[in-house]
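Asks: As input, take final33.txt (compact mmCIF, N, CA and C atoms and all ligand atoms):
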# COMPACT_ATOMS: atom_id res chain seq x y z
N MET A 1 -3.96 31.30 5.82
CA MET A 1 -4.44 30.06 6.46
C MET A 1 -4.12 28.87 5.55
N SER A 2 -3.63 27.78 6.15
CA SER A 2 -3.25 26.62 5.33
C SER A 2 -4.50 25.88 4.86
N GLU A 3 -4.34 25.15 3.77
CA GLU A 3 -5.51 24.44 3.22
C GLU A 3 -5.87 23.25 4.09
N GLN A 4 -7.15 22.92 4.07
CA GLN A 4 -7.65 21.79 4.86
C GLN A 4 -7.26 20.47 4.18
N ILE A 5 -6.78 19.56 5.00
CA ILE A 5 -6.38 18.23 4.52
C ILE A 5 -7.38 17.21 5.07
N HIS A 6 -7.82 16.29 4.22
CA HIS A 6 -8.72 15.22 4.68
C HIS A 6 -8.13 13.86 4.38
N ARG A 7 -8.54 12.90 5.20
CA ARG A 7 -8.21 11.50 4.96
C ARG A 7 -9.51 10.74 4.71
N LEU A 8 -9.52 9.94 3.67
CA LEU A 8 -10.69 9.10 3.38
C LEU A 8 -10.23 7.65 3.26
N VAL A 9 -10.91 6.76 3.96
CA VAL A 9 -10.58 5.34 3.91
C VAL A 9 -11.83 4.58 3.51
N TYR A 10 -11.72 3.70 2.51
CA TYR A 10 -12.89 2.91 2.13
C TYR A 10 -12.48 1.47 1.86
N PHE A 11 -13.51 0.66 1.79
CA PHE A 11 -13.38 -0.77 1.50
C PHE A 11 -14.32 -1.06 0.34
N SER A 12 -13.95 -1.97 -0.55
CA SER A 12 -14.87 -2.35 -1.63
C SER A 12 -14.55 -3.76 -2.11
N ARG A 13 -15.44 -4.30 -2.96
CA ARG A 13 -15.23 -5.65 -3.49
C ARG A 13 -14.89 -5.58 -4.97
N ASN A 14 -13.95 -6.41 -5.38
CA ASN A 14 -13.58 -6.46 -6.79
C ASN A 14 -14.78 -6.88 -7.64
N ALA A 15 -14.97 -6.18 -8.76
CA ALA A 15 -16.04 -6.58 -9.70
C ALA A 15 -15.44 -6.91 -11.06
N MET A 16 -14.10 -7.01 -11.12
CA MET A 16 -13.47 -7.35 -12.41
C MET A 16 -13.52 -8.86 -12.59
N PRO A 17 -14.09 -9.31 -13.71
CA PRO A 17 -14.14 -10.75 -13.96
C PRO A 17 -12.80 -11.20 -14.54
N GLY A 18 -12.63 -12.51 -14.65
CA GLY A 18 -11.45 -13.03 -15.33
C GLY A 18 -10.59 -13.91 -14.45
N THR A 19 -9.51 -14.34 -15.06
CA THR A 19 -8.56 -15.20 -14.34
C THR A 19 -7.78 -14.33 -13.36
N GLU A 20 -7.02 -14.99 -12.50
CA GLU A 20 -6.22 -14.25 -11.54
C GLU A 20 -5.25 -13.29 -12.26
N ASP A 21 -4.66 -13.79 -13.35
CA ASP A 21 -3.71 -12.95 -14.09
C ASP A 21 -4.41 -11.72 -14.67
N GLU A 22 -5.64 -11.91 -15.17
CA GLU A 22 -6.37 -10.78 -15.75
C GLU A 22 -6.74 -9.76 -14.67
N ILE A 23 -7.09 -10.27 -13.51
CA ILE A 23 -7.45 -9.35 -12.42
C ILE A 23 -6.22 -8.57 -11.96
N VAL A 24 -5.09 -9.28 -11.85
CA VAL A 24 -3.85 -8.59 -11.47
C VAL A 24 -3.51 -7.50 -12.50
N ALA A 25 -3.71 -7.80 -13.79
CA ALA A 25 -3.47 -6.79 -14.82
C ALA A 25 -4.42 -5.60 -14.64
N GLY A 26 -5.65 -5.90 -14.28
CA GLY A 26 -6.62 -4.82 -14.04
C GLY A 26 -6.20 -3.95 -12.87
N VAL A 27 -5.71 -4.58 -11.81
CA VAL A 27 -5.25 -3.81 -10.65
C VAL A 27 -4.04 -2.96 -11.03
N GLN A 28 -3.18 -3.52 -11.88
CA GLN A 28 -2.00 -2.73 -12.32
C GLN A 28 -2.44 -1.50 -13.09
N GLN A 29 -3.49 -1.65 -13.91
CA GLN A 29 -4.00 -0.48 -14.66
C GLN A 29 -4.54 0.58 -13.71
N ILE A 30 -5.27 0.13 -12.69
CA ILE A 30 -5.81 1.07 -11.69
C ILE A 30 -4.65 1.80 -11.01
N LEU A 31 -3.62 1.05 -10.64
CA LEU A 31 -2.47 1.66 -9.96
C LEU A 31 -1.79 2.69 -10.86
N ALA A 32 -1.66 2.35 -12.14
CA ALA A 32 -0.97 3.28 -13.06
C ALA A 32 -1.73 4.59 -13.17
N SER A 33 -3.05 4.52 -13.37
CA SER A 33 -3.78 5.79 -13.51
C SER A 33 -3.87 6.51 -12.16
N SER A 34 -3.94 5.74 -11.06
CA SER A 34 -3.99 6.37 -9.74
C SER A 34 -2.72 7.15 -9.46
N ARG A 35 -1.57 6.53 -9.78
CA ARG A 35 -0.30 7.20 -9.49
C ARG A 35 -0.21 8.53 -10.21
N SER A 36 -0.53 8.55 -11.51
CA SER A 36 -0.37 9.82 -12.23
C SER A 36 -1.45 10.82 -11.83
N ASN A 37 -2.70 10.38 -11.72
CA ASN A 37 -3.78 11.31 -11.35
C ASN A 37 -3.56 11.88 -9.95
N ASN A 38 -3.21 10.99 -9.00
CA ASN A 38 -3.08 11.43 -7.61
C ASN A 38 -1.90 12.39 -7.44
N ALA A 39 -0.81 12.10 -8.15
CA ALA A 39 0.34 12.99 -8.04
C ALA A 39 -0.03 14.38 -8.56
N ARG A 40 -0.78 14.42 -9.66
CA ARG A 40 -1.20 15.70 -10.23
C ARG A 40 -2.11 16.46 -9.27
N ALA A 41 -2.96 15.71 -8.55
CA ALA A 41 -3.94 16.35 -7.66
C ALA A 41 -3.39 16.62 -6.26
N GLY A 42 -2.18 16.15 -5.98
CA GLY A 42 -1.61 16.34 -4.64
C GLY A 42 -2.20 15.39 -3.63
N VAL A 43 -2.70 14.24 -4.10
CA VAL A 43 -3.30 13.23 -3.21
C VAL A 43 -2.29 12.10 -3.01
N THR A 44 -2.16 11.66 -1.75
CA THR A 44 -1.30 10.50 -1.46
C THR A 44 -2.17 9.42 -0.83
N GLY A 45 -1.57 8.27 -0.58
CA GLY A 45 -2.35 7.22 0.06
C GLY A 45 -1.82 5.86 -0.29
N ALA A 46 -2.69 4.86 -0.13
CA ALA A 46 -2.28 3.48 -0.40
C ALA A 46 -3.48 2.70 -0.87
N LEU A 47 -3.23 1.77 -1.78
CA LEU A 47 -4.30 0.89 -2.27
C LEU A 47 -3.91 -0.55 -1.96
N LEU A 48 -4.78 -1.24 -1.24
CA LEU A 48 -4.53 -2.65 -0.91
C LEU A 48 -5.51 -3.51 -1.69
N PHE A 49 -5.04 -4.65 -2.17
CA PHE A 49 -5.93 -5.59 -2.86
C PHE A 49 -5.59 -6.99 -2.38
N ASN A 50 -6.62 -7.69 -1.90
CA ASN A 50 -6.38 -9.03 -1.39
C ASN A 50 -7.69 -9.80 -1.35
N SER A 51 -7.65 -11.03 -1.78
CA SER A 51 -8.81 -11.91 -1.70
C SER A 51 -10.07 -11.27 -2.26
N GLY A 52 -9.92 -10.54 -3.36
CA GLY A 52 -11.11 -9.98 -4.01
C GLY A 52 -11.62 -8.70 -3.40
N CYS A 53 -10.89 -8.11 -2.47
CA CYS A 53 -11.34 -6.87 -1.84
C CYS A 53 -10.28 -5.78 -1.99
N PHE A 54 -10.77 -4.55 -2.07
CA PHE A 54 -9.87 -3.39 -2.07
C PHE A 54 -10.04 -2.65 -0.75
N ALA A 55 -8.96 -2.02 -0.32
CA ALA A 55 -9.04 -1.00 0.74
C ALA A 55 -8.11 0.11 0.29
N GLN A 56 -8.56 1.33 0.43
CA GLN A 56 -7.72 2.43 -0.03
C GLN A 56 -7.78 3.58 0.97
N VAL A 57 -6.63 4.20 1.16
CA VAL A 57 -6.52 5.42 1.95
C VAL A 57 -6.17 6.54 0.99
N LEU A 58 -6.90 7.63 1.04
CA LEU A 58 -6.60 8.81 0.23
C LEU A 58 -6.42 9.99 1.17
N GLU A 59 -5.34 10.72 1.00
CA GLU A 59 -5.10 11.88 1.85
C GLU A 59 -4.64 13.04 0.98
N GLY A 60 -5.13 14.22 1.28
CA GLY A 60 -4.72 15.38 0.52
C GLY A 60 -5.68 16.53 0.73
N PRO A 61 -5.50 17.61 -0.04
CA PRO A 61 -6.42 18.75 0.06
C PRO A 61 -7.86 18.27 -0.12
N THR A 62 -8.74 18.78 0.71
CA THR A 62 -10.12 18.28 0.75
C THR A 62 -10.79 18.21 -0.63
N PRO A 63 -10.73 19.27 -1.45
CA PRO A 63 -11.41 19.16 -2.76
C PRO A 63 -10.80 18.07 -3.63
N ALA A 64 -9.48 17.89 -3.55
CA ALA A 64 -8.83 16.87 -4.38
C ALA A 64 -9.24 15.46 -3.93
N VAL A 65 -9.36 15.26 -2.62
CA VAL A 65 -9.76 13.94 -2.11
C VAL A 65 -11.21 13.65 -2.51
N THR A 66 -12.09 14.63 -2.37
CA THR A 66 -13.50 14.37 -2.69
C THR A 66 -13.70 14.17 -4.20
N GLU A 67 -12.98 14.95 -5.01
CA GLU A 67 -13.10 14.77 -6.47
C GLU A 67 -12.58 13.39 -6.90
N THR A 68 -11.46 13.00 -6.31
CA THR A 68 -10.89 11.69 -6.65
C THR A 68 -11.84 10.58 -6.24
N PHE A 69 -12.38 10.67 -5.02
CA PHE A 69 -13.28 9.62 -4.56
C PHE A 69 -14.58 9.59 -5.35
N GLU A 70 -15.01 10.76 -5.81
CA GLU A 70 -16.24 10.81 -6.63
C GLU A 70 -16.06 9.93 -7.88
N ARG A 71 -14.89 10.02 -8.50
CA ARG A 71 -14.62 9.18 -9.68
C ARG A 71 -14.54 7.71 -9.28
N ILE A 72 -13.82 7.46 -8.18
CA ILE A 72 -13.57 6.07 -7.78
C ILE A 72 -14.89 5.35 -7.45
N GLN A 73 -15.78 6.03 -6.74
CA GLN A 73 -16.96 5.30 -6.24
C GLN A 73 -17.90 4.86 -7.36
N TRP A 74 -17.80 5.53 -8.54
CA TRP A 74 -18.66 5.12 -9.66
C TRP A 74 -17.97 4.14 -10.59
N ASP A 75 -16.75 3.76 -10.26
CA ASP A 75 -15.98 2.86 -11.12
C ASP A 75 -16.58 1.45 -11.05
N GLU A 76 -16.89 0.90 -12.22
CA GLU A 76 -17.57 -0.41 -12.25
C GLU A 76 -16.61 -1.58 -12.03
N ARG A 77 -15.33 -1.29 -11.83
CA ARG A 77 -14.39 -2.38 -11.54
C ARG A 77 -14.45 -2.82 -10.09
N HIS A 78 -15.24 -2.12 -9.28
CA HIS A 78 -15.49 -2.58 -7.90
C HIS A 78 -16.91 -2.23 -7.50
N SER A 79 -17.34 -2.78 -6.37
CA SER A 79 -18.72 -2.56 -5.92
C SER A 79 -18.74 -2.55 -4.39
N GLU A 80 -19.94 -2.29 -3.85
CA GLU A 80 -20.14 -2.28 -2.39
C GLU A 80 -19.12 -1.37 -1.70
N VAL A 81 -18.95 -0.19 -2.27
CA VAL A 81 -17.97 0.74 -1.71
C VAL A 81 -18.47 1.25 -0.34
N LEU A 82 -17.67 1.02 0.67
CA LEU A 82 -18.07 1.37 2.04
C LEU A 82 -17.02 2.32 2.63
N VAL A 83 -17.44 3.55 2.92
CA VAL A 83 -16.50 4.52 3.51
C VAL A 83 -16.34 4.20 5.00
N LEU A 84 -15.10 4.00 5.40
CA LEU A 84 -14.80 3.67 6.80
C LEU A 84 -14.40 4.91 7.59
N GLU A 85 -13.79 5.87 6.90
CA GLU A 85 -13.38 7.09 7.59
C GLU A 85 -13.31 8.24 6.60
N TYR A 86 -13.81 9.39 7.03
CA TYR A 86 -13.62 10.63 6.27
C TYR A 86 -13.44 11.71 7.31
N ALA A 87 -12.21 12.14 7.50
CA ALA A 87 -11.94 13.03 8.62
C ALA A 87 -10.86 14.02 8.26
N PRO A 88 -10.93 15.23 8.87
CA PRO A 88 -9.86 16.20 8.65
C PRO A 88 -8.58 15.72 9.31
N TRP A 89 -7.48 16.01 8.69
CA TRP A 89 -6.19 15.69 9.28
C TRP A 89 -5.77 16.88 10.10
N LEU A 90 -5.47 16.65 11.38
CA LEU A 90 -5.09 17.75 12.26
C LEU A 90 -3.65 17.56 12.68
N PRO A 91 -2.80 18.58 12.50
CA PRO A 91 -1.41 18.43 12.94
C PRO A 91 -1.33 18.38 14.45
N VAL A 92 -0.40 17.62 14.97
CA VAL A 92 -0.19 17.54 16.42
C VAL A 92 1.11 18.29 16.71
N PRO A 93 1.03 19.53 17.23
CA PRO A 93 2.25 20.28 17.48
C PRO A 93 3.07 19.64 18.59
N SER A 94 4.37 19.81 18.52
CA SER A 94 5.23 19.33 19.59
C SER A 94 5.06 20.25 20.79
N PRO A 95 5.53 19.84 22.00
CA PRO A 95 5.38 20.70 23.19
C PRO A 95 5.98 22.08 23.01
N THR A 96 6.98 22.20 22.13
CA THR A 96 7.60 23.51 21.92
C THR A 96 6.78 24.37 20.97
N GLY A 97 5.80 23.77 20.34
CA GLY A 97 5.02 24.51 19.36
C GLY A 97 5.69 24.51 18.00
N ARG A 98 6.86 23.89 17.90
CA ARG A 98 7.57 23.84 16.63
C ARG A 98 7.34 22.48 15.98
N CYS A 99 7.51 22.44 14.69
CA CYS A 99 7.45 21.16 14.00
C CYS A 99 8.60 20.29 14.46
N PRO A 100 8.33 18.99 14.70
CA PRO A 100 9.45 18.12 15.04
C PRO A 100 10.44 18.11 13.88
N SER A 101 11.75 18.12 14.22
CA SER A 101 12.75 18.20 13.14
C SER A 101 12.71 16.97 12.26
N SER A 102 12.17 15.85 12.78
CA SER A 102 12.12 14.63 11.99
C SER A 102 10.82 14.50 11.21
N ALA A 103 10.00 15.57 11.22
CA ALA A 103 8.70 15.47 10.53
C ALA A 103 8.92 15.14 9.06
N PRO A 104 8.29 14.06 8.57
CA PRO A 104 8.42 13.76 7.16
C PRO A 104 7.73 14.84 6.33
N THR A 105 8.10 14.94 5.08
CA THR A 105 7.49 15.95 4.23
C THR A 105 6.35 15.35 3.44
N GLY A 106 5.55 16.20 2.80
CA GLY A 106 4.44 15.71 1.99
C GLY A 106 3.16 16.34 2.46
N PRO A 107 2.12 16.26 1.65
CA PRO A 107 0.89 16.96 1.98
C PRO A 107 0.22 16.46 3.25
N ILE A 108 0.44 15.21 3.63
CA ILE A 108 -0.24 14.70 4.80
C ILE A 108 0.55 14.90 6.06
N SER A 109 1.82 14.58 5.97
CA SER A 109 2.59 14.56 7.19
C SER A 109 3.28 15.90 7.46
N SER A 110 3.12 16.88 6.58
CA SER A 110 3.81 18.14 6.84
C SER A 110 3.18 18.82 8.05
N CYS A 111 4.00 19.40 8.86
CA CYS A 111 3.52 20.02 10.09
C CYS A 111 3.20 21.48 9.84
N SER A 112 2.05 21.93 10.29
CA SER A 112 1.69 23.32 10.04
C SER A 112 1.66 24.12 11.34
N ALA A 113 2.24 23.57 12.41
CA ALA A 113 2.28 24.30 13.66
C ALA A 113 3.11 25.56 13.48
N THR A 114 2.69 26.65 14.10
CA THR A 114 3.44 27.90 13.94
C THR A 114 4.42 28.06 15.08
N SER A 115 5.49 28.72 14.82
CA SER A 115 6.49 28.97 15.85
C SER A 115 5.96 30.02 16.82
N PRO A 116 6.38 29.95 18.10
CA PRO A 116 5.91 30.96 19.06
C PRO A 116 6.48 32.33 18.73
C1 LIG B 1 -10.34 0.22 -6.34
C2 LIG B 1 -10.07 1.41 -7.21
C3 LIG B 1 -9.22 2.41 -6.76
C4 LIG B 1 -8.96 3.54 -7.55
N1 LIG B 1 -8.14 4.52 -7.06
C5 LIG B 1 -7.94 5.62 -7.81
C6 LIG B 1 -7.15 6.69 -7.32
O1 LIG B 1 -6.61 6.66 -6.20
N2 LIG B 1 -6.97 7.77 -8.12
C7 LIG B 1 -7.52 7.87 -9.37
O2 LIG B 1 -7.34 8.89 -10.04
N3 LIG B 1 -8.28 6.87 -9.85
C8 LIG B 1 -8.48 5.76 -9.12
N4 LIG B 1 -9.24 4.74 -9.63
C9 LIG B 1 -9.71 4.84 -11.02
C10 LIG B 1 -10.89 5.78 -11.15
O3 LIG B 1 -12.06 5.10 -10.76
C11 LIG B 1 -11.03 6.28 -12.60
O4 LIG B 1 -11.12 5.18 -13.47
C12 LIG B 1 -9.83 7.10 -13.01
O5 LIG B 1 -9.56 8.08 -12.05
C13 LIG B 1 -10.12 7.80 -14.36
O6 LIG B 1 -9.00 8.52 -14.74
P1 LIG B 1 -8.15 8.11 -16.05
O7 LIG B 1 -9.07 8.36 -17.21
O8 LIG B 1 -6.97 9.00 -16.03
O9 LIG B 1 -7.76 6.65 -15.92
C14 LIG B 1 -9.54 3.62 -8.84
C15 LIG B 1 -10.40 2.60 -9.28
C16 LIG B 1 -10.66 1.51 -8.49
C17 LIG B 1 -11.58 0.44 -8.98
Write out the structure in this file as structure tokens.
Replies:
Amino acid sequence: MSEQIHRLVYFSRNAMPGTEDEIVAGVQQILASSRSNNARAGVTGALLFNSGCFAQVLEGPTPAVTETFERIQWDERHSEVLVLEYAPWLPVPSPTGRCPSSAPTGPISSCSATSP
């Protein structure tokens, strides 16, 4: 049986003080550690930062997503963390029951439909 994949989406407010340049440097640090940690954990997603707010999508094996988010939610560089979505990712098989040939690869978009 294939492993369960979850998607988690949250919103939060920046709590890093400083000038715009200092905040941008802080966001770059977050991105650097996120890229290496997430790649190691098999987690993908996106981090948006705009007007003092973050939004992030995390997708990957359920334990990896929950462990990653556990660290993130206690991070003092942001506050008011609000989870918008936490849901299992379900593959949508094609009418033939086969993976579409154009299916992108990766832990989120990989198709787990079985052949007839
Ligand atoms: C808005 C925000 C998003 C973050 N996203 C991630 C993430 O996707 N993955 C991650 O490992 N850490 C993320 N972090 C950082 C974690 O809270 C934590 O500092 C980090 O995982 C600790 O690992 P390190 O010691 O390797 O830096 C984020 C922090 C903030 C404030």
Asks: List the spatial neighbours of Pro88 (chain A) as a list in words - criterion: any atom at most 8 Å away, all atoms listed in the file, same-chain residues fewer than 6 positions off excluded.
Replies: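 Close residues of Pro88 (chain A): Gln4, Ile5, His6, Arg7 and Leu8 of chain A.
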Asks: Pick out the residues no farther than 6 Å from ligand LIG 1 (chain B), counting only C-alpha atoms and all ligand atoms, and list them as a list in words.
Replies: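 With only C-alpha atoms and all ligand atoms and a cut-off of 6 Å, ligand LIG 1 (chain B) is contacted by Ile30, Ser33, Ser34, Asn37, Asn38, Phe54, Thr68, Arg71, Ile72, Asp75, Arg77 and His78 of chain A.
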Asks: Which residues come within 8 Å of Met16 (chain A), counting all atoms listed in the file, excluding same-chain residues fewer than 5 positions away, as number ranges by chain?
Replies: A: 22-23, 26, 76-79
Asks: Enumerate the residues of region 59-94 of chain A with a DSSP assignment of strand (DSSP E or B), computed from the backbone, and present them as a list in words.
Replies: Glu59, Gly60, Pro61, His78, Ser79, Glu80, Val81, Leu82, Val83, Leu84, Glu85, Tyr86, Ala87 and Pro88 of chain A
Asks: Can you work out the spacing between atom N of Leu84 (chain A) and atom C of Glu67 (chain A) in Å, to one decimal?
Replies: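 Interatomic distance, atom N of Leu84 (chain A) to atom C of Glu67 (chain A): 15.7 Å.
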Asks: When distances are computed from all atoms listed in the file, which of A:Ala87, A:Leu31, A:Val65, A:Val81 shows the smallest separation from Leu47 (chain A)?
Replies: A:Leu31
Asks: Extract the full set of helix (DSSP H, G or I) residues from region 32-101 of chain A according to DSSP on the backbone, and format it as a PyMOL selection string.
Replies: chain A and resi 32-41+62-73
Asks: Have a look at CA of Gly45 (chain A) and atom C of Leu58 (chain A) and let me know their distance in Å, one decimal.
Replies: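 Between these atoms lies a distance of 5.0 Å.
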